[in-house]
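First comes the structure, then the notes that go with it.
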Amino acid sequence: MTELLLIYTSFAVFHMPFQDNYWLWKIIGFAGIGTFGTRFLVQWLYSEKHKESRVPPIFWWQSLIGTFLCLAYFVRQQDSVGIAGYCLNVIPYTRNLMLVYAKRKRDSQPGFEPIMRESTNH
């Protein structure tokens, strides 16, 4: 919680870029909410296409970008509830992207195919 307070007060002391541009920050806030909210639509359509529940990498990118946009808006508004609601989201979204790209890298390297054993009936 101390870190959050430090971040919050540092933005209050230092002037954010375009701080006084009301409409710019409204657009940033709505873009964040829109990006964050539409990720479920993307996931649903992706799952329908594959006929099973799946989460595409774009879902995690939308989550991360939406979180950053919302955080920027809430910091500008000095809204501690909004900041608290989004600040830790970055961790699981980033980790999921790391897992996705690590798997892609593993799958693209030759010699690491899984060994399948044939089952025998006794």
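Chain labels A, B, ... are given in the sequence in which chains occur in the structure tokens; within each chain residues are numbered consecutively from 1, and ligands are likewise numbered from 1 in the order shown.
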Considering only C-alpha atoms, return as a ChimeraX atom specification whatever protein or nucleic-acid residues lie within 12 Å of segment 23-38 of chain A, sequence-local ones (same chain, fewer than 3 positions apart) excluded.
/A:16-20,41-45,58-77,82,86,89,93
Could you save those same residues with C-alpha atoms as a PDB file, in the first residue's frame?
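Wrote again36.pdb, looks like this:
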ATOM      1  CA  MET A  16       1.083  15.083 -15.861  1.00  0.00           C
ATOM      2  CA  PRO A  17       1.297  15.937 -19.566  1.00  0.00           C
ATOM      3  CA  PHE A  18      -1.820  17.644 -20.905  1.00  0.00           C
ATOM      4  CA  GLN A  19      -3.253  17.687 -17.365  1.00  0.00           C
ATOM      5  CA  ASP A  20      -5.682  20.477 -18.186  1.00  0.00           C
ATOM      6  CA  LEU A  41     -16.236 -10.188 -27.094  1.00  0.00           C
ATOM      7  CA  VAL A  42     -12.949 -11.094 -28.796  1.00  0.00           C
ATOM      8  CA  GLN A  43     -12.521 -14.156 -26.569  1.00  0.00           C
ATOM      9  CA  TRP A  44     -16.085 -15.289 -27.219  1.00  0.00           C
ATOM     10  CA  LEU A  45     -15.730 -14.980 -31.004  1.00  0.00           C
ATOM     11  CA  ILE A  58      -5.032 -10.561 -28.122  1.00  0.00           C
ATOM     12  CA  PHE A  59      -7.231 -10.986 -25.020  1.00  0.00           C
ATOM     13  CA  TRP A  60      -4.182 -10.495 -22.792  1.00  0.00           C
ATOM     14  CA  TRP A  61      -2.907  -7.584 -24.898  1.00  0.00           C
ATOM     15  CA  GLN A  62      -6.311  -5.876 -24.681  1.00  0.00           C
ATOM     16  CA  SER A  63      -6.314  -6.472 -20.928  1.00  0.00           C
ATOM     17  CA  LEU A  64      -2.865  -4.929 -20.539  1.00  0.00           C
ATOM     18  CA  ILE A  65      -3.492  -1.923 -22.805  1.00  0.00           C
ATOM     19  CA  GLY A  66      -6.925  -1.280 -21.280  1.00  0.00           C
ATOM     20  CA  THR A  67      -5.414  -1.439 -17.793  1.00  0.00           C
ATOM     21  CA  PHE A  68      -2.677   1.071 -18.658  1.00  0.00           C
ATOM     22  CA  LEU A  69      -5.163   3.484 -20.228  1.00  0.00           C
ATOM     23  CA  CYS A  70      -7.522   3.212 -17.250  1.00  0.00           C
ATOM     24  CA  LEU A  71      -4.640   3.634 -14.811  1.00  0.00           C
ATOM     25  CA  ALA A  72      -3.476   6.772 -16.625  1.00  0.00           C
ATOM     26  CA  TYR A  73      -6.998   8.183 -16.444  1.00  0.00           C
ATOM     27  CA  PHE A  74      -7.475   7.348 -12.756  1.00  0.00           C
ATOM     28  CA  VAL A  75      -4.061   8.765 -11.838  1.00  0.00           C
ATOM     29  CA  ARG A  76      -4.946  11.992 -13.655  1.00  0.00           C
ATOM     30  CA  GLN A  77      -8.262  12.101 -11.802  1.00  0.00           C
ATOM     31  CA  GLY A  82      -9.781   3.352  -9.603  1.00  0.00           C
ATOM     32  CA  TYR A  86      -6.376  -1.666 -11.808  1.00  0.00           C
ATOM     33  CA  ASN A  89      -3.961  -6.363 -12.972  1.00  0.00           C
ATOM     34  CA  TYR A  93      -1.791 -10.159 -17.790  1.00  0.00           C
TER      35      TYR A  93
END
Out of segment 37-68 of chain A, which residues get alpha helix (DSSP H) from DSSP, as a compact mmCIF listing (two decimals) with N, CA and C atoms, in the first residue's frame?
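Listing of states_25.txt after writing:
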# COMPACT_ATOMS: atom_id res chain seq x y z
N GLY A 37 -13.13 -3.71 -21.99
CA GLY A 37 -14.44 -4.36 -22.05
C GLY A 37 -14.63 -5.25 -23.26
N THR A 38 -14.08 -4.88 -24.41
CA THR A 38 -14.30 -5.65 -25.62
C THR A 38 -13.46 -6.92 -25.69
N ARG A 39 -12.55 -7.09 -24.75
CA ARG A 39 -11.71 -8.29 -24.77
C ARG A 39 -12.56 -9.55 -24.60
N PHE A 40 -13.68 -9.46 -23.88
CA PHE A 40 -14.55 -10.62 -23.71
C PHE A 40 -15.28 -10.96 -25.00
N LEU A 41 -15.63 -9.96 -25.78
CA LEU A 41 -16.24 -10.19 -27.09
C LEU A 41 -15.24 -10.91 -28.00
N VAL A 42 -14.00 -10.47 -27.99
CA VAL A 42 -12.95 -11.09 -28.80
C VAL A 42 -12.75 -12.55 -28.37
N GLN A 43 -12.71 -12.80 -27.07
CA GLN A 43 -12.52 -14.16 -26.57
C GLN A 43 -13.70 -15.04 -26.96
N TRP A 44 -14.88 -14.53 -26.87
CA TRP A 44 -16.08 -15.29 -27.22
C TRP A 44 -16.06 -15.67 -28.70
N LEU A 45 -15.78 -14.70 -29.57
CA LEU A 45 -15.73 -14.98 -31.00
C LEU A 45 -14.63 -15.99 -31.34
N TYR A 46 -13.49 -15.86 -30.68
CA TYR A 46 -12.38 -16.78 -30.89
C TYR A 46 -12.78 -18.20 -30.47
N SER A 47 -13.46 -18.33 -29.34
CA SER A 47 -13.92 -19.63 -28.86
C SER A 47 -14.95 -20.23 -29.81
N GLU A 48 -15.86 -19.41 -30.31
CA GLU A 48 -16.85 -19.89 -31.27
C GLU A 48 -16.19 -20.41 -32.54
N LYS A 49 -15.17 -19.71 -32.98
CA LYS A 49 -14.46 -20.13 -34.19
C LYS A 49 -13.81 -21.50 -33.99
N HIS A 50 -13.27 -21.75 -32.81
CA HIS A 50 -12.57 -23.00 -32.52
C HIS A 50 -13.48 -24.07 -31.90
N PRO A 57 -4.14 -14.69 -27.55
CA PRO A 57 -3.18 -13.72 -27.01
C PRO A 57 -3.69 -12.28 -27.05
N ILE A 58 -4.51 -11.93 -28.05
CA ILE A 58 -5.03 -10.56 -28.12
C ILE A 58 -5.85 -10.21 -26.89
N PHE A 59 -6.48 -11.21 -26.26
CA PHE A 59 -7.23 -10.99 -25.02
C PHE A 59 -6.32 -10.39 -23.95
N TRP A 60 -5.12 -10.98 -23.82
CA TRP A 60 -4.18 -10.49 -22.79
C TRP A 60 -3.61 -9.13 -23.16
N TRP A 61 -3.39 -8.90 -24.47
CA TRP A 61 -2.91 -7.58 -24.90
C TRP A 61 -3.97 -6.51 -24.64
N GLN A 62 -5.23 -6.83 -24.95
CA GLN A 62 -6.31 -5.88 -24.68
C GLN A 62 -6.42 -5.60 -23.18
N SER A 63 -6.26 -6.63 -22.38
CA SER A 63 -6.31 -6.47 -20.93
C SER A 63 -5.22 -5.53 -20.46
N LEU A 64 -4.01 -5.74 -20.95
CA LEU A 64 -2.86 -4.93 -20.54
C LEU A 64 -3.00 -3.48 -21.01
N ILE A 65 -3.35 -3.28 -22.26
CA ILE A 65 -3.49 -1.92 -22.81
C ILE A 65 -4.65 -1.20 -22.13
N GLY A 66 -5.78 -1.88 -21.96
CA GLY A 66 -6.92 -1.28 -21.28
C GLY A 66 -6.59 -0.89 -19.85
N THR A 67 -5.83 -1.74 -19.16
CA THR A 67 -5.41 -1.44 -17.79
C THR A 67 -4.54 -0.20 -17.75
N PHE A 68 -3.55 -0.10 -18.65
CA PHE A 68 -2.68 1.07 -18.66
C PHE A 68 -3.44 2.36 -18.96
Atomic separation - atom CA of Lys103 of chain A relative to atom CA of Cys87 of chain A, Å:
26.5 Å
